[in-house]
Amino acid sequence: MTVLRLRLFHAADGARIAYRESGTGPPLILAHSALLTHREFEPAVEHLVHRFRVVLPDLPLHGDSEDRPRHPYTMDWMADVLAAFCAEAGGARPLVGGHGLGAELLLHAVARGALRPAKLALLPNRLHRPAEPGALSTRWRLPARAGAIPGVDRLMLHAARTAYRPALGEKLSARREPAARDLMRHAFADVTGNPSLARSWARFARRWPPGARRELLDAYPSMDFPVLLLWADEDPVHPLQGAEEALDLLPDAMLRVLPGTGFLIAYDDPVGVGRELVAFCG
């Protein structure tokens with residue numbers, strides 16, 4: 001089993017990013033999707049560490065990273081924090097990839113000039129399209145907003161842990177991978193005793209744009225570095241259509257589809273994810 005070492009990064013405003021790393025090659029940074037943690041990519045790590053120093057951050061509001069309500073938790077702020085982390089951990093032109101929320105933040109950082117990667121791997125995310133109804137994409141927004149109401153914050157956290165039970169992880173896997181239960185269990189293990197997290201999530205839910213991000217359609221042509229669109233073929237939350245539309249607009253992009261994979265693509269086919277990332281990132 002690959003051992004992941006825990007490290008901490010502090011942004012200029014004090015925001016904390018916890019991350020794990022393993023391997024000794026060039027750094028490859030992979031950012032997870034919403035409501036999960038760095039463990040989303042753990043199944044693929046053993047297929048990457050022979051070529052890369054794999055770096056897995058917990059995004060703000062997730063895992064062991066920043067959750068204090070003093071921060072704005074806007075799209076701009078979260079993208080800037082992630083971009084600063086990527087520069088620190090991966091250098092001026094890092095190799096980066098992301099899934100879901102992690103991919104959206106990387107795209108936003110690139111579009112606003114905060115990040116210019118050497119190569120960008122985009123696993124399923126909404127890209128320029130509106131958010132699709134899905135287990136981890138939209139249904140958290142309304143209850144999360146209630147976390148700002150005094151006395152409701154702890155109730156919201158208990159409700160979240162009930163709604164996102166370990167069994168949901170297996171349902172998000174097209175192959176019903178039992179190990180995905182541990183992913184959900186870890187993601188929500190400590191939420192009930194942290195009311196400040198509820199207030200931070202309420203702020204994030206109010207400020208995160210759920211609509212189509214049409215500005216990316218104008219930004220794609222300026223992304224002249226290599227981009228990999230690594231998609232799942234059985235993920236209803238992130239249809240293949242969005243990747244095909246982006247492929248036509250990105251100057252240097254390729255699309256790869258892993259058959260028999262769903263939302264938890266790295267759990268459904270860790271070998272395929274590792275193989276494609278190694279082939280792309282070199």
# chains A, B, ... in the order shown; residues from 1 in each chain; ligands from 1

call {"tool": "residues_around", "arguments": {"residues": "segment 260-273 of chain A", "least_positions_apart": "4", "cutoff": "7 Å", "atoms": "only C-alpha atoms", "output": "PyMOL selection string"}}
result
chain A and resi 40-41+43-44+47+172-175+177+180+232-235+277

call {"tool": "closest_residue", "arguments": {"among": "A:Leu249, A:Ala179, A:Ala131, A:Leu101", "to": "Pro236 of chain A", "atoms": "only C-alpha atoms"}}
result
A:Ala131

call {"tool": "atom_distance", "arguments": {"atom1": "atom CA of Cys281 of chain A", "atom2": "atom CA of Leu95 of chain A"}}
result
7.2 Å

call {"tool": "residues_around", "arguments": {"residues": "segment 118-123 of chain A", "least_positions_apart": "2", "cutoff": "9 Å", "atoms": "only C-alpha atoms", "output": "list in words"}}
result
Leu30, Ala92, Arg93, Pro94, Leu95, Val96, Gly97, Gly98, His99, Gly100, Ala103, Glu104, Leu106, Leu107, Arg116, Asn125, Phe225, Pro226, Val227, Leu228, Leu229, Leu230, Trp231, Ala232, Ile265, Leu277, Phe280 and Cys281 of chain A

call {"tool": "write_last_selection", "arguments": {"atoms": "N, CA, C and O atoms", "output": "short mmCIF file (atom, residue, chain, number, x, y, z; two decimals), in the first residue's frame"}}
result
data_model
loop_
_atom_site.label_atom_id
_atom_site.label_comp_id
_atom_site.auth_asym_id
_atom_site.auth_seq_id
_atom_site.Cartn_x
_atom_site.Cartn_y
_atom_site.Cartn_z
N LEU A 30 -3.42 16.74 -8.01
CA LEU A 30 -4.76 16.30 -8.37
C LEU A 30 -5.76 16.79 -7.33
O LEU A 30 -5.63 16.46 -6.14
N ALA A 92 6.28 27.02 -11.10
CA ALA A 92 5.63 28.08 -11.88
C ALA A 92 4.70 27.53 -12.95
O ALA A 92 3.69 28.14 -13.28
N ARG A 93 5.04 26.38 -13.55
CA ARG A 93 4.20 25.76 -14.59
C ARG A 93 3.91 24.31 -14.17
O ARG A 93 4.51 23.37 -14.67
N PRO A 94 2.99 24.14 -13.23
CA PRO A 94 2.77 22.81 -12.66
C PRO A 94 1.96 21.89 -13.58
O PRO A 94 1.25 22.33 -14.48
N LEU A 95 2.10 20.61 -13.30
CA LEU A 95 1.21 19.60 -13.88
C LEU A 95 0.03 19.46 -12.92
O LEU A 95 0.21 19.12 -11.75
N VAL A 96 -1.18 19.73 -13.40
CA VAL A 96 -2.33 19.72 -12.51
C VAL A 96 -3.50 18.99 -13.15
O VAL A 96 -3.62 18.90 -14.37
N GLY A 97 -4.37 18.48 -12.30
CA GLY A 97 -5.59 17.84 -12.75
C GLY A 97 -6.65 17.95 -11.68
O GLY A 97 -6.35 18.17 -10.51
N GLY A 98 -7.89 17.81 -12.08
CA GLY A 98 -8.97 17.91 -11.11
C GLY A 98 -10.23 17.24 -11.58
O GLY A 98 -10.43 17.01 -12.78
N HIS A 99 -11.09 16.94 -10.62
CA HIS A 99 -12.38 16.29 -10.87
C HIS A 99 -13.45 17.12 -10.20
O HIS A 99 -13.26 17.61 -9.08
N GLY A 100 -14.59 17.32 -10.84
CA GLY A 100 -15.69 18.06 -10.22
C GLY A 100 -15.28 19.45 -9.80
O GLY A 100 -14.76 20.24 -10.59
N ALA A 103 -11.69 20.50 -10.59
CA ALA A 103 -11.48 20.89 -11.98
C ALA A 103 -12.05 22.28 -12.25
O ALA A 103 -11.44 23.09 -12.96
N GLU A 104 -13.23 22.58 -11.68
CA GLU A 104 -13.81 23.90 -11.88
C GLU A 104 -12.92 25.01 -11.33
O GLU A 104 -12.77 26.07 -11.94
N LEU A 106 -9.64 24.88 -10.91
CA LEU A 106 -8.47 25.01 -11.77
C LEU A 106 -8.80 25.79 -13.04
O LEU A 106 -8.04 26.67 -13.46
N LEU A 107 -9.93 25.48 -13.66
CA LEU A 107 -10.34 26.20 -14.85
C LEU A 107 -10.54 27.69 -14.55
O LEU A 107 -10.14 28.55 -15.34
N ARG A 116 -1.15 29.14 -14.72
CA ARG A 116 -0.84 28.71 -16.09
C ARG A 116 -0.07 27.39 -16.01
O ARG A 116 1.15 27.38 -15.85
N ASN A 125 -16.42 17.11 -15.03
CA ASN A 125 -16.91 18.30 -14.32
C ASN A 125 -17.89 19.00 -15.23
O ASN A 125 -18.05 18.61 -16.39
N PHE A 225 -2.04 25.45 -23.81
CA PHE A 225 -1.23 24.34 -23.28
C PHE A 225 -2.01 23.04 -23.46
O PHE A 225 -3.24 23.05 -23.69
N PRO A 226 -1.34 21.89 -23.37
CA PRO A 226 -2.05 20.61 -23.54
C PRO A 226 -3.11 20.38 -22.47
O PRO A 226 -2.86 20.59 -21.28
N VAL A 227 -4.27 19.93 -22.90
CA VAL A 227 -5.39 19.63 -21.99
C VAL A 227 -5.89 18.22 -22.29
O VAL A 227 -6.13 17.86 -23.44
N LEU A 228 -6.03 17.45 -21.23
CA LEU A 228 -6.63 16.12 -21.34
C LEU A 228 -8.02 16.15 -20.75
O LEU A 228 -8.21 16.55 -19.60
N LEU A 229 -9.01 15.74 -21.53
CA LEU A 229 -10.38 15.56 -21.05
C LEU A 229 -10.55 14.06 -20.82
O LEU A 229 -10.70 13.29 -21.77
N LEU A 230 -10.48 13.66 -19.56
CA LEU A 230 -10.55 12.24 -19.21
C LEU A 230 -11.92 11.96 -18.61
O LEU A 230 -12.18 12.30 -17.44
N TRP A 231 -12.80 11.36 -19.40
CA TRP A 231 -14.23 11.30 -19.04
C TRP A 231 -14.69 9.89 -18.71
O TRP A 231 -14.11 8.90 -19.16
N ALA A 232 -15.76 9.84 -17.92
CA ALA A 232 -16.46 8.58 -17.62
C ALA A 232 -17.66 8.45 -18.56
O ALA A 232 -18.28 9.45 -18.92
N ILE A 265 -14.68 7.94 -10.85
CA ILE A 265 -13.92 7.35 -11.95
C ILE A 265 -12.63 6.70 -11.46
O ILE A 265 -12.21 5.66 -11.97
N LEU A 277 -3.18 9.35 -17.25
CA LEU A 277 -2.44 10.48 -16.71
C LEU A 277 -0.94 10.34 -16.98
O LEU A 277 -0.27 11.33 -17.29
N PHE A 280 -0.34 11.13 -20.68
CA PHE A 280 -0.53 12.55 -20.98
C PHE A 280 0.55 13.42 -20.38
O PHE A 280 1.13 14.29 -21.04
N CYS A 281 0.86 13.19 -19.10
CA CYS A 281 1.80 14.06 -18.38
C CYS A 281 3.25 13.67 -18.63
O CYS A 281 4.17 14.46 -18.33
#

call {"tool": "residues_around", "arguments": {"residues": "Pro69 of chain A", "least_positions_apart": "3", "cutoff": "9 Å", "atoms": "only C-alpha atoms", "output": "count of residues only"}}
result
9

call {"tool": "select_by_dssp", "arguments": {"residues": "segment 25-120 of chain A", "states": "helix (DSSP H, G or I)", "output": "PyMOL selection string"}}
result
chain A and resi 38-45+75-90+101-111

call {"tool": "residues_around", "arguments": {"residues": "Ala212 of chain A", "least_positions_apart": "3", "cutoff": "8 Å", "atoms": "only C-alpha atoms", "output": "PDB file with N, CA, C and O atoms, in the first residue's frame"}}
result
ATOM      1  N   HIS A 128     -18.455  24.366 -18.993  1.00  0.00           N
ATOM      2  CA  HIS A 128     -19.187  25.608 -19.259  1.00  0.00           C
ATOM      3  C   HIS A 128     -20.701  25.415 -19.138  1.00  0.00           C
ATOM      4  O   HIS A 128     -21.463  26.340 -19.417  1.00  0.00           O
ATOM      5  N   ARG A 129     -21.129  24.251 -18.732  1.00  0.00           N
ATOM      6  CA  ARG A 129     -22.547  23.931 -18.700  1.00  0.00           C
ATOM      7  C   ARG A 129     -23.130  24.147 -17.303  1.00  0.00           C
ATOM      8  O   ARG A 129     -22.400  24.177 -16.318  1.00  0.00           O
ATOM      9  N   PRO A 130     -24.449  24.271 -17.175  1.00  0.00           N
ATOM     10  CA  PRO A 130     -25.048  24.372 -15.835  1.00  0.00           C
ATOM     11  C   PRO A 130     -24.896  23.072 -15.076  1.00  0.00           C
ATOM     12  O   PRO A 130     -24.731  22.003 -15.673  1.00  0.00           O
ATOM     13  N   ALA A 131     -24.946  23.166 -13.766  1.00  0.00           N
ATOM     14  CA  ALA A 131     -24.830  21.971 -12.939  1.00  0.00           C
ATOM     15  C   ALA A 131     -26.022  21.049 -13.179  1.00  0.00           C
ATOM     16  O   ALA A 131     -27.171  21.490 -13.226  1.00  0.00           O
TER      17      ALA A 131
END

call {"tool": "residues_around", "arguments": {"residues": "Arg5 of chain A", "least_positions_apart": "5", "cutoff": "8 Å", "atoms": "only C-alpha atoms", "output": "list in words"}}
result
Arg20, Glu21 and Ser22 of chain A

call {"tool": "select_by_dssp", "arguments": {"residues": "segment 64-118 of chain A", "states": "strand (DSSP E)", "output": "PyMOL selection string"}}
result
chain A and resi 95-98

call {"tool": "write_last_selection", "arguments": {"atoms": "N, CA and C atoms", "output": "PDB file, in the first residue's frame"}}
result
ATOM      1  N   LEU A  95       2.096  20.609 -13.299  1.00  0.00           N
ATOM      2  CA  LEU A  95       1.208  19.602 -13.876  1.00  0.00           C
ATOM      3  C   LEU A  95       0.027  19.459 -12.921  1.00  0.00           C
ATOM      4  N   VAL A  96      -1.181  19.726 -13.404  1.00  0.00           N
ATOM      5  CA  VAL A  96      -2.332  19.721 -12.511  1.00  0.00           C
ATOM      6  C   VAL A  96      -3.503  18.991 -13.150  1.00  0.00           C
ATOM      7  N   GLY A  97      -4.367  18.481 -12.299  1.00  0.00           N
ATOM      8  CA  GLY A  97      -5.591  17.837 -12.754  1.00  0.00           C
ATOM      9  C   GLY A  97      -6.652  17.952 -11.684  1.00  0.00           C
ATOM     10  N   GLY A  98      -7.893  17.810 -12.085  1.00  0.00           N
ATOM     11  CA  GLY A  98      -8.967  17.912 -11.111  1.00  0.00           C
ATOM     12  C   GLY A  98     -10.231  17.239 -11.584  1.00  0.00           C
TER      13      GLY A  98
END

call {"tool": "residues_around", "arguments": {"residues": "His10 of chain A", "least_positions_apart": "4", "cutoff": "10 Å", "atoms": "only C-alpha atoms", "output": "count of residues only"}}
result
11

call {"tool": "atom_distance", "arguments": {"atom1": "atom CA of Leu35 of chain A", "atom2": "atom CA of Pro209 of chain A"}}
result
16.3 Å

call {"tool": "atom_distance", "arguments": {"atom1": "atom CA of Gly90 of chain A", "atom2": "atom CA of Leu28 of chain A"}}
result
7.1 Å
